[in-house]
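This is coords-v6.cif (mmCIF, C-alpha atoms and all ligand atoms).
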data_upload
loop_
_atom_site.label_atom_id
_atom_site.label_comp_id
_atom_site.auth_asym_id
_atom_site.auth_seq_id
_atom_site.Cartn_x
_atom_site.Cartn_y
_atom_site.Cartn_z
CA MET A 238 -11.16 25.66 72.36
CA ALA A 239 -10.20 28.77 74.32
CA GLY A 240 -9.28 29.98 77.80
CA ILE A 241 -10.15 32.85 80.12
CA TYR A 242 -7.62 34.53 82.42
CA ILE A 243 -8.81 36.80 85.25
CA HIS A 244 -6.34 39.16 86.93
CA ILE A 245 -7.11 39.96 90.57
CA PRO A 246 -4.86 42.96 91.32
CA PHE A 247 -4.61 42.81 95.12
CA CYS A 248 -1.80 41.50 97.34
CA ARG A 249 -1.22 41.43 101.06
CA GLN A 250 2.29 42.85 100.70
CA ALA A 251 4.70 43.65 97.90
CA CYS A 252 7.23 40.93 97.13
CA HIS A 253 10.50 42.66 96.31
CA TYR A 254 11.10 40.86 93.01
CA CYS A 255 7.60 41.28 91.60
CA ASN A 256 6.82 43.25 88.46
CA PHE A 257 3.19 42.19 88.00
CA TYR A 258 0.45 44.78 88.35
CA PHE A 259 -1.03 44.75 91.86
CA SER A 260 -2.08 47.01 94.72
CA VAL A 261 -1.63 46.41 98.44
CA SER A 262 -4.60 48.69 99.13
CA LYS A 263 -8.05 47.14 98.85
CA GLY A 264 -9.84 50.50 98.86
CA ASN A 265 -11.12 49.95 95.31
CA LYS A 266 -12.00 46.29 95.67
CA SER A 267 -15.80 46.64 95.29
CA ARG A 268 -15.42 48.98 92.35
CA PHE A 269 -12.99 46.54 90.72
CA ILE A 270 -15.39 43.62 91.13
CA GLN A 271 -18.32 45.56 89.66
CA SER A 272 -16.10 46.57 86.72
CA LEU A 273 -14.92 43.01 86.21
CA LEU A 274 -18.52 41.77 86.05
CA LYS A 275 -19.25 44.44 83.47
CA GLU A 276 -16.10 43.61 81.48
CA ILE A 277 -17.23 39.98 81.30
CA GLU A 278 -20.38 41.23 79.51
CA LEU A 279 -18.51 43.68 77.29
CA THR A 280 -16.02 41.08 76.02
CA LYS A 281 -18.38 38.14 75.57
CA ASP A 282 -17.89 38.04 71.78
CA TYR A 283 -14.07 38.22 71.83
CA LEU A 284 -13.60 34.45 71.65
CA GLU A 285 -16.15 34.16 68.82
CA GLY A 286 -18.13 31.42 70.50
CA ASP A 287 -15.19 29.02 70.91
CA PRO A 288 -15.90 26.60 73.76
CA ILE A 289 -14.17 27.53 77.02
CA GLU A 290 -11.77 24.79 78.10
CA THR A 291 -9.97 26.54 80.96
CA ILE A 292 -10.38 29.41 83.42
CA TYR A 293 -7.36 30.66 85.32
CA MET A 294 -7.67 33.21 88.10
CA GLY A 295 -4.29 34.76 88.84
CA GLY A 296 -2.84 38.08 89.87
CA GLY A 297 -2.02 39.64 92.19
CA THR A 298 -3.49 37.27 94.72
CA PRO A 299 -7.02 35.94 94.07
CA SER A 300 -7.15 34.42 97.57
CA GLN A 301 -7.20 38.00 98.88
CA LEU A 302 -10.84 38.21 97.74
CA GLU A 303 -13.64 36.97 99.96
CA THR A 304 -15.11 33.66 98.85
CA ASP A 305 -18.47 35.37 98.20
CA GLU A 306 -16.73 37.79 95.85
CA LEU A 307 -15.06 34.94 93.98
CA LYS A 308 -18.40 33.19 93.77
CA ILE A 309 -20.06 36.23 92.16
CA ILE A 310 -17.31 36.35 89.52
CA PHE A 311 -17.53 32.63 88.69
CA GLU A 312 -21.35 32.76 88.63
CA LYS A 313 -21.16 35.63 86.16
CA LEU A 314 -18.90 33.58 83.89
CA HIS A 315 -21.41 30.73 84.02
CA LYS A 316 -24.17 33.15 83.09
CA VAL A 317 -22.35 34.63 80.10
CA TYR A 318 -20.61 31.49 78.79
CA ASP A 319 -21.61 27.88 78.29
CA LEU A 320 -19.01 26.21 80.53
CA GLY A 321 -20.22 22.70 79.81
CA ARG A 322 -16.85 21.73 78.29
CA LEU A 323 -14.69 23.27 81.01
CA LEU A 324 -11.76 20.98 81.89
CA GLU A 325 -9.77 23.06 84.32
CA MET A 326 -10.49 25.98 86.65
CA THR A 327 -7.46 27.17 88.62
CA ILE A 328 -7.20 29.70 91.42
CA GLU A 329 -3.90 31.11 92.61
CA ALA A 330 -3.62 31.32 96.39
CA ASN A 331 -0.86 32.31 98.79
CA PRO A 332 -0.06 30.20 101.88
CA ASP A 333 -0.83 33.08 104.26
CA ASP A 334 -4.43 33.20 102.96
CA LEU A 335 -5.09 29.48 103.30
CA ALA A 336 -6.42 29.23 106.84
CA THR A 337 -8.48 26.09 107.43
CA GLU A 338 -11.79 28.03 107.33
CA LYS A 339 -10.83 29.79 104.09
CA VAL A 340 -9.93 26.48 102.43
CA ALA A 341 -13.30 25.07 103.52
CA GLU A 342 -15.04 28.12 102.02
CA LEU A 343 -13.09 27.82 98.78
CA SER A 344 -14.10 24.16 98.56
CA SER A 345 -17.68 25.36 98.10
CA LEU A 346 -16.61 26.78 94.71
CA ARG A 347 -16.20 23.24 93.41
CA GLY A 348 -19.81 23.33 92.29
CA LEU A 349 -18.90 26.22 89.97
CA GLY A 350 -16.00 24.26 88.46
CA LEU A 351 -13.02 25.05 90.70
CA ASN A 352 -10.76 21.99 90.49
CA ARG A 353 -7.17 23.22 90.72
CA PHE A 354 -5.04 25.29 93.14
CA SER A 355 -1.82 27.08 92.32
CA ILE A 356 -0.06 27.84 95.60
CA GLY A 357 2.71 30.46 95.74
CA ILE A 358 5.21 28.68 97.97
CA GLN A 359 8.45 30.03 96.39
CA SER A 360 10.58 28.50 99.17
CA PHE A 361 10.25 26.33 102.28
CA ARG A 362 13.01 28.38 103.97
CA ASN A 363 12.36 31.52 106.03
CA GLU A 364 15.64 33.12 104.96
CA ASP A 365 14.65 33.06 101.28
CA LEU A 366 11.07 34.16 102.02
CA LYS A 367 12.41 37.13 103.95
CA TYR A 368 14.81 38.06 101.13
CA MET A 369 11.85 38.00 98.70
CA ASN A 370 9.57 39.82 101.21
CA ARG A 371 6.92 37.12 100.95
CA ALA A 372 4.02 37.40 103.43
CA HIS A 373 4.17 33.79 104.66
CA HIS A 374 6.67 31.71 106.60
CA ALA A 375 8.09 28.26 105.96
CA GLU A 376 5.70 26.33 108.20
CA GLU A 377 2.65 27.93 106.53
CA ALA A 378 4.04 26.89 103.15
CA VAL A 379 3.84 23.18 104.01
CA LEU A 380 0.57 23.43 105.95
CA SER A 381 -1.22 25.32 103.18
CA VAL A 382 -0.65 22.51 100.69
CA LYS A 383 -1.76 19.87 103.21
CA LYS A 384 -4.95 21.79 104.01
CA VAL A 385 -5.90 22.03 100.34
CA GLN A 386 -5.17 18.31 99.92
CA ASP A 387 -7.23 17.48 103.03
CA ALA A 388 -10.12 19.43 101.51
CA GLY A 389 -10.05 16.89 98.67
CA PHE A 390 -8.23 18.82 95.94
CA GLU A 391 -5.66 16.61 94.21
CA ASN A 392 -4.88 18.86 91.27
CA ILE A 393 -2.41 21.23 92.91
CA THR A 394 0.59 23.05 91.55
CA ILE A 395 3.16 24.89 93.64
CA ASP A 396 5.63 27.60 92.58
CA LEU A 397 9.26 27.55 93.66
CA ILE A 398 12.08 30.02 93.02
CA TYR A 399 15.75 29.11 92.63
CA GLY A 400 18.84 31.29 92.27
CA THR A 401 18.10 33.24 95.45
CA PRO A 402 21.45 34.36 96.94
CA THR A 403 20.29 33.24 100.41
CA MET A 404 20.02 29.62 99.23
CA ASN A 405 23.02 27.42 98.45
CA ASN A 406 22.84 24.28 96.33
CA GLU A 407 22.39 21.94 99.28
CA GLN A 408 19.50 24.08 100.54
CA TRP A 409 17.92 24.05 97.07
CA TYR A 410 18.14 20.28 97.11
CA GLU A 411 16.37 20.26 100.51
CA ASN A 412 13.69 22.63 99.21
CA LEU A 413 13.03 20.28 96.29
CA SER A 414 12.89 17.28 98.64
CA LYS A 415 10.23 19.07 100.71
CA ALA A 416 8.23 19.74 97.55
CA PHE A 417 8.44 16.06 96.48
CA ALA A 418 7.33 14.94 99.94
CA LEU A 419 4.05 16.84 99.45
CA LYS A 420 3.26 14.63 96.44
CA VAL A 421 1.70 17.39 94.36
CA PRO A 422 1.25 16.47 90.70
CA HIS A 423 2.65 19.73 89.27
CA ILE A 424 5.52 22.07 90.18
CA SER A 425 6.56 25.31 88.46
CA CYS A 426 10.10 26.55 89.14
CA TYR A 427 11.46 29.92 88.10
CA GLY A 428 14.94 31.37 88.35
CA LEU A 429 14.95 34.59 90.35
CA THR A 430 15.25 37.51 87.94
CA VAL A 431 15.97 41.07 88.91
CA GLU A 432 13.41 43.02 86.90
CA ALA A 433 13.86 46.72 86.19
CA LYS A 434 12.32 49.17 88.67
CA THR A 435 11.50 46.53 91.26
CA THR A 436 12.31 46.99 94.93
CA LEU A 437 14.78 44.13 94.56
CA GLU A 438 16.70 46.00 91.87
CA LYS A 439 16.80 49.14 94.04
CA ARG A 440 17.94 47.20 97.08
CA ILE A 441 20.73 45.48 95.16
CA LYS A 442 21.88 48.83 93.71
CA LYS A 443 21.96 50.34 97.21
CA GLY A 444 23.94 47.35 98.50
CA ALA A 445 21.11 46.42 100.88
CA CYS A 446 21.10 42.82 99.64
CA LEU A 447 22.98 40.48 97.34
CA GLY A 448 22.08 40.06 93.65
CA VAL A 449 21.67 36.89 91.63
CA ASP A 450 24.77 34.84 90.80
CA GLU A 451 24.03 33.59 87.26
CA ASN A 452 26.39 30.60 87.62
CA GLN A 453 24.69 29.48 90.81
CA SER A 454 21.28 29.94 89.19
CA ALA A 455 22.35 27.80 86.19
CA THR A 456 23.70 25.10 88.53
CA GLN A 457 20.43 25.05 90.46
CA PHE A 458 18.47 24.81 87.18
CA SER A 459 20.53 21.76 86.19
CA MET A 460 19.96 20.23 89.65
CA LEU A 461 16.25 20.94 89.22
CA MET A 462 16.04 19.07 85.90
CA ASN A 463 17.88 16.04 87.33
CA GLU A 464 15.87 15.89 90.56
CA MET A 465 12.55 16.27 88.75
CA LYS A 466 13.46 13.40 86.42
CA ALA A 467 14.56 11.23 89.35
CA ASN A 468 11.23 11.87 91.09
CA GLY A 469 8.99 11.06 88.14
CA TYR A 470 8.14 14.58 86.97
CA GLU A 471 8.25 15.38 83.27
CA GLN A 472 9.68 18.72 82.18
CA TYR A 473 7.01 19.56 79.62
CA GLU A 474 8.02 23.23 79.54
CA ILE A 475 11.26 24.79 80.71
CA SER A 476 9.79 26.00 84.01
CA ASN A 477 6.98 23.45 84.38
CA PHE A 478 7.11 19.87 85.61
CA SER A 479 4.28 17.41 86.04
CA LYS A 480 3.46 13.82 86.85
CA PRO A 481 2.15 11.97 83.74
CA GLY A 482 -1.13 13.44 82.52
CA CYS A 483 -1.09 16.32 85.02
CA HIS A 484 0.24 19.20 82.92
CA ALA A 485 -1.50 22.58 83.20
CA ILE A 486 -4.04 22.72 80.40
CA HIS A 487 -4.48 26.50 80.57
CA ASN A 488 -0.78 27.36 80.30
CA THR A 489 -0.15 24.67 77.71
CA ASN A 490 -2.82 26.27 75.55
CA TYR A 491 -0.87 29.56 75.67
CA TRP A 492 2.20 27.76 74.37
CA LEU A 493 0.21 25.95 71.69
CA GLY A 494 -1.12 29.28 70.41
CA LYS A 495 -4.81 28.85 71.36
CA LYS A 496 -7.05 31.87 71.93
CA TYR A 497 -7.58 33.39 75.35
CA LEU A 498 -9.42 36.31 76.84
CA GLY A 499 -7.80 38.29 79.67
CA LEU A 500 -10.04 40.14 82.13
CA GLY A 501 -9.04 42.73 84.73
CA PRO A 502 -6.35 45.43 84.79
CA SER A 503 -3.15 44.50 82.91
CA ALA A 504 -4.62 41.21 81.62
CA HIS A 505 -3.54 40.12 78.13
CA SER A 506 -5.78 38.62 75.44
CA PHE A 507 -4.93 36.82 72.20
CA ASN A 508 -7.21 35.89 69.30
CA LYS A 509 -4.57 34.48 66.90
CA ALA A 510 -4.50 37.73 64.88
CA ALA A 511 -3.71 40.27 67.59
CA ARG A 512 -2.55 40.58 71.14
CA ARG A 513 -4.04 43.18 73.46
CA TRP A 514 -3.50 44.19 77.05
CA ASN A 515 -5.71 46.10 79.45
CA VAL A 516 -4.57 49.28 81.16
CA SER A 517 -2.50 48.52 84.30
CA ASN A 518 -4.45 50.75 86.65
CA ILE A 519 -7.55 49.83 88.67
CA ILE A 520 -9.09 53.32 88.49
CA GLY A 521 -8.35 53.82 84.78
CA TYR A 522 -9.74 50.36 84.09
CA ALA A 523 -12.89 50.93 86.15
CA GLU A 524 -13.60 54.41 84.72
CA CYS A 525 -13.61 53.04 81.17
CA VAL A 526 -15.62 49.91 81.89
CA GLU A 527 -18.22 51.91 83.85
CA LYS A 528 -18.80 53.98 80.69
CA GLY A 529 -19.18 50.80 78.64
CA HIS A 530 -15.71 50.97 77.03
CA LEU A 531 -12.59 48.85 77.29
CA SER A 532 -9.20 50.41 77.83
CA PHE A 533 -6.47 48.41 76.14
CA GLU A 534 -3.56 48.64 73.75
CA GLU A 535 -3.42 46.26 70.84
CA GLU A 536 -0.77 44.92 68.54
CA ILE A 537 -1.73 43.28 65.25
CA LEU A 538 0.81 40.51 64.77
CA SER A 539 2.76 40.43 61.51
CA ALA A 540 3.57 37.10 59.84
CA SER A 541 7.15 37.22 61.15
CA GLN A 542 6.00 38.10 64.70
CA LYS A 543 3.70 35.07 64.66
CA ILE A 544 6.53 32.78 63.55
CA ASN A 545 8.92 34.26 66.12
CA GLU A 546 6.39 33.74 68.92
CA LYS A 547 6.00 30.15 67.78
CA ILE A 548 9.79 29.68 67.82
CA MET A 549 10.10 31.23 71.29
CA THR A 550 7.27 29.31 72.94
CA SER A 551 7.50 25.93 71.23
CA LEU A 552 11.25 25.59 71.81
CA ARG A 553 10.54 25.84 75.54
CA THR A 554 8.19 22.85 75.41
CA LYS A 555 8.73 19.09 75.19
CA TRP A 556 6.86 19.12 71.85
CA GLY A 557 9.53 21.35 70.28
CA LEU A 558 9.42 23.41 67.10
CA ASN A 559 7.98 21.54 64.12
CA VAL A 560 9.58 23.32 61.19
CA ALA A 561 7.10 21.72 58.78
CA GLU A 562 4.35 23.83 60.39
CA CYS A 563 6.10 27.03 59.26
CA ASP A 564 5.80 28.49 55.76
CA PRO A 565 8.52 27.13 53.40
CA LYS A 566 10.59 30.34 53.37
CA SER A 567 10.64 30.64 57.17
CA ALA A 568 11.37 26.91 57.53
CA GLU A 569 14.40 27.29 55.26
CA GLN A 570 15.68 30.28 57.27
CA ILE A 571 15.23 28.41 60.54
CA LEU A 572 17.12 25.39 59.22
CA THR A 573 19.96 27.60 57.96
CA ALA A 574 20.20 29.32 61.37
CA LEU A 575 20.09 25.93 63.12
CA HIS A 576 23.37 24.96 61.44
CA GLN A 577 25.10 27.80 63.32
CA ILE A 578 24.05 26.42 66.72
CA GLU A 579 26.23 24.05 68.73
CA PRO A 580 24.71 20.56 68.02
CA SER A 581 24.82 19.44 71.65
CA ASN A 582 22.12 22.03 72.41
CA PHE A 583 19.36 20.42 70.36
CA THR A 584 18.02 17.36 68.58
CA PHE A 585 16.36 17.39 65.15
CA GLU A 586 14.06 14.49 64.32
CA ASN A 587 10.87 14.31 62.23
CA GLU A 588 11.42 17.93 61.23
CA THR A 589 11.16 18.98 64.88
CA VAL A 590 13.78 20.89 66.86
CA LYS A 591 13.92 20.07 70.57
CA LEU A 592 16.34 21.46 73.13
CA THR A 593 18.56 19.12 75.12
CA ASP A 594 19.04 19.73 78.85
CA LYS A 595 22.17 21.71 77.97
CA GLY A 596 20.25 23.72 75.36
CA LYS A 597 17.52 24.54 77.89
CA LEU A 598 20.09 26.60 79.79
CA PHE A 599 20.27 28.92 76.76
CA ALA A 600 16.69 28.62 75.48
CA ASP A 601 16.03 32.32 74.95
CA ALA A 602 19.36 32.93 73.22
CA ILE A 603 18.85 29.93 70.91
CA ALA A 604 15.31 31.06 70.06
CA ALA A 605 16.63 34.55 69.24
CA ARG A 606 19.18 33.01 66.83
CA LEU A 607 16.35 31.24 64.97
CA PHE A 608 14.07 34.29 64.73
CA ILE A 609 12.94 35.34 61.28
S1 LIG B 1 2.00 37.87 95.86
FE1 LIG B 1 2.51 37.51 93.70
S2 LIG B 1 1.62 39.23 92.56
FE2 LIG B 1 1.63 39.79 94.74
S3 LIG B 1 3.50 40.96 95.02
FE3 LIG B 1 3.98 38.84 95.53
S4 LIG B 1 4.73 37.91 93.60
FE4 LIG B 1 3.69 39.84 93.08
#

Could you quickly redo this structure as structure tokens?
Ligand code: SF4
Amino acid sequence: MAGIYIHIPFCRQACHYCNFYFSVSKGNKSRFIQSLLKEIELTKDYLEGDPIETIYMGGGTPSQLETDELKIIFEKLHKVYDLGRLLEMTIEANPDDLATEKVAELSSLRGLGLNRFSIGIQSFRNEDLKYMNRAHHAEEAVLSVKKVQDAGFENITIDLIYGTPTMNNEQWYENLSKAFALKVPHISCYGLTVEAKTTLEKRIKKGACLGVDENQSATQFSMLMNEMKANGYEQYEISNFSKPGCHAIHNTNYWLGKKYLGLGPSAHSFNKAARRWNVSNIIGYAECVEKGHLSFEEEILSASQKINEKIMTSLRTKWGLNVAECDPKSAEQILTALHQIEPSNFTFENETVKLTDKGKLFADAIAARLFI
């Protein structure tokens, strides 16, 4: 089974913390869509005929496209692929795009397989939204989820961000309570990170706003894990929480090492042997595709890179790292390195390493210690 990711590189405005590839100008939108349709043709053999289980349209902001444009893209996928075994089709949408009429239009895409919304809430508080330079306000955040629910979509995930300096622990607790009140089956929560070259980094350096307090962020992550548990959500990946049976199939397949094809500028693809990523530029992307070529960089993964990716991703999940699935030499190295790690950070049963709640606070550092 395999997945398809489609990157829609347009946003209403630039969030200060964002380091994804996007443009706030829609001048090249038609050209992008024509190129995307052509790229779908050009890459049709990449997944070697594996059945498509999931389609995820992210970005950028897919809800910035007109519904007719989305329809053309999904129809093209149906034309090129047999989607008879599709389980999940997700579209990312921002609250400011989800007017009642737009939600009604998007509902018409159900017939093409759309069955899941990922809504970029980030916070239910105007102060945090302003700090992040999000395009929506707090009231829209709540209403957008309700509108999608009223349109009959149950499979909804929302994104939240913690560690914002404008939000104290009590306010984070209130944000989480608002999320639980919406009764969505899936919530993704990310700690605010100050990525290099973002507007946020520049603003912090200039003293125009406060940076992230790592201790506060860690406290809010611990609160998050406790509150999720108390409200019946399972932490099946460090940043992802779901009600039983409602985990994201597409993202889980990334973590389980399944193949996926990425379409659109900056999109990544993986076929188990190599990873490749499209050029992060709409014009550069379109010029190549129009000539019948693809513009990407590729990295053939060495045996140790494959093991290290497995260590990094599986340790973040509830399934953990099954050492027996590694080659004997790597398994031995991992077990030796494991002895150097504080035992309260992990459990080891049935040859599988799993992080405890305490260990999840240091997941990346622990993974790096186990790397081959
Ligand atoms: S809407 Fe999403 S992709 Fe666009 S700038 Fe904001 S965080 Fe980045």

For this session: Enumerate as a PyMOL selection string the residues within 8 Å of ligand LIG 1 (chain B), counting all atoms listed in the file.
Result: chain A and resi 246-259+296-298+331+357+371-372

Please identify every residue of range 490-561 of chain A that has at least one atom no farther than 10 Å from an atom of range 566-578 of chain A, counting all atoms listed in the file, and for each give the shortest atom pair and the distance in Å to one decimal, arranged by chain then increasing number, as a tab-separated table.
residue	atom	partner	partner_atom	distance
A:Ala540	CA	A:Ser567	CA	9.9
A:Ser541	CA	A:Ser567	CA	8.4
A:Ile544	CA	A:Ser567	CA	7.9
A:Asn545	CA	A:Ser567	CA	9.8
A:Ile548	CA	A:Ile571	CA	9.2
A:Asn559	CA	A:Ala568	CA	9.2
A:Val560	CA	A:Ala568	CA	5.4
A:Ala561	CA	A:Ala568	CA	6.8

Step by step, gather every atom of range 530-542 of chain A that the file lists, find the box along x, y and z that holds them, add 6 Å on each side, and finally give centre and edge lengths in Å to one decimal, as AutoDock Vina command-line options.
--center_x -4.3 --center_y 44.0 --center_z 68.8 --size_x 34.9 --size_y 25.9 --size_z 30.0

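By chain and then residue number, the residues within 10 Å of Glu536 in chain A are Phe507, Ala510, Ala511, Arg512, Arg513 and Trp514 of chain A, counting all atoms listed in the file and disregarding those fewer than 4 positions away in sequence.
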
Exercise. Any idea what's packed within 6 Å of Lys591 in chain A, counting all atoms listed in the file, ignoring anything in its chain fewer than 3 positions away? Could you give it as number ranges by chain?
Worked result: A: 557, 583-584

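Across the structure, CA of Ser355 in chain A and CA of Met294 in chain A are spaced 9.5 Å apart.
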
For this session: Would you mind telling me which residue in A:Met369, A:Ile475, A:Leu349, A:Ile270 lies nearest to Arg440 in chain A when using all atoms listed in the file?
Result: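 Checking each of A:Met369, A:Ile475, A:Leu349, A:Ile270 against Arg440 in chain A, counting all atoms listed in the file, the winner is A:Met369.
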
Seminar exercise, completed: The residue from A:Tyr522, A:Arg322, A:Thr589, A:Ser581 with the smallest atom-to-atom distance to Asn265 in chain A, counting only C-alpha atoms, is A:Tyr522

Go through range 466-536 of chain A residue by residue and, counting only C-alpha atoms, keep those with an atom at most 6 Å from range 411-428 of chain A; for each kept residue give the shortest atom pair and its distance in Å to one decimal, ordered by chain and increasing number, as JSON lines.
{"residue": "A:Ser476", "atom": "CA", "partner": "A:Cys426", "partner_atom": "CA", "distance": 5.2}
{"residue": "A:Asn477", "atom": "CA", "partner": "A:Ser425", "partner_atom": "CA", "distance": 4.5}
{"residue": "A:Phe478", "atom": "CA", "partner": "A:Ile424", "partner_atom": "CA", "distance": 5.3}
{"residue": "A:Ser479", "atom": "CA", "partner": "A:His423", "partner_atom": "CA", "distance": 4.3}
{"residue": "A:Lys480", "atom": "CA", "partner": "A:Pro422", "partner_atom": "CA", "distance": 5.2}

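Distance check against Ser551 in chain A using all atoms listed in the file: of A:Tyr473, A:Glu534, A:Ser503, A:Gly482, the minimum falls on A:Tyr473.
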
Taking N, CA and C atoms as the atom set, what does range 558-577 of chain A look like once completed, written as a CSV table (one decimal), in the coordinates of the input?
chain,number,residue,atom,x,y,z
A,558,LEU,N,9.8,22.6,68.2
A,558,LEU,CA,9.4,23.4,67.1
A,558,LEU,C,9.4,22.5,65.8
A,559,ASN,N,8.1,22.3,65.4
A,559,ASN,CA,8.0,21.5,64.1
A,559,ASN,C,8.1,22.5,62.9
A,560,VAL,N,9.3,22.4,62.3
A,560,VAL,CA,9.6,23.3,61.2
A,560,VAL,C,8.6,23.2,60.0
A,561,ALA,N,8.0,22.0,59.9
A,561,ALA,CA,7.1,21.7,58.8
A,561,ALA,C,5.8,22.5,59.0
A,562,GLU,N,5.6,23.0,60.2
A,562,GLU,CA,4.4,23.8,60.4
A,562,GLU,C,4.6,25.3,60.0
A,563,CYS,N,5.8,25.6,59.7
A,563,CYS,CA,6.1,27.0,59.3
A,563,CYS,C,6.0,27.1,57.7
A,564,ASP,N,5.8,28.3,57.2
A,564,ASP,CA,5.8,28.5,55.8
A,564,ASP,C,7.2,28.1,55.2
A,565,PRO,N,7.3,27.7,53.9
A,565,PRO,CA,8.5,27.1,53.4
A,565,PRO,C,9.7,28.1,53.5
A,566,LYS,N,9.5,29.4,53.3
A,566,LYS,CA,10.6,30.3,53.4
A,566,LYS,C,11.1,30.5,54.8
A,567,SER,N,10.2,30.5,55.8
A,567,SER,CA,10.6,30.6,57.2
A,567,SER,C,11.3,29.3,57.6
A,568,ALA,N,10.8,28.2,57.2
A,568,ALA,CA,11.4,26.9,57.5
A,568,ALA,C,12.8,26.8,57.0
A,569,GLU,N,13.1,27.3,55.8
A,569,GLU,CA,14.4,27.3,55.3
A,569,GLU,C,15.3,28.2,56.1
A,570,GLN,N,14.8,29.4,56.5
A,570,GLN,CA,15.7,30.3,57.3
A,570,GLN,C,16.0,29.7,58.6
A,571,ILE,N,15.0,29.0,59.2
A,571,ILE,CA,15.2,28.4,60.5
A,571,ILE,C,16.3,27.3,60.4
A,572,LEU,N,16.2,26.5,59.4
A,572,LEU,CA,17.1,25.4,59.2
A,572,LEU,C,18.5,25.9,59.0
A,573,THR,N,18.6,27.0,58.2
A,573,THR,CA,20.0,27.6,58.0
A,573,THR,C,20.6,28.1,59.3
A,574,ALA,N,19.7,28.8,60.1
A,574,ALA,CA,20.2,29.3,61.4
A,574,ALA,C,20.6,28.2,62.3
A,575,LEU,N,19.9,27.1,62.2
A,575,LEU,CA,20.1,25.9,63.1
A,575,LEU,C,21.5,25.4,63.0
A,576,HIS,N,22.0,25.5,61.7
A,576,HIS,CA,23.4,25.0,61.4
A,576,HIS,C,24.4,25.7,62.2
A,577,GLN,N,24.1,27.0,62.6
A,577,GLN,CA,25.1,27.8,63.3
A,577,GLN,C,25.1,27.5,64.8
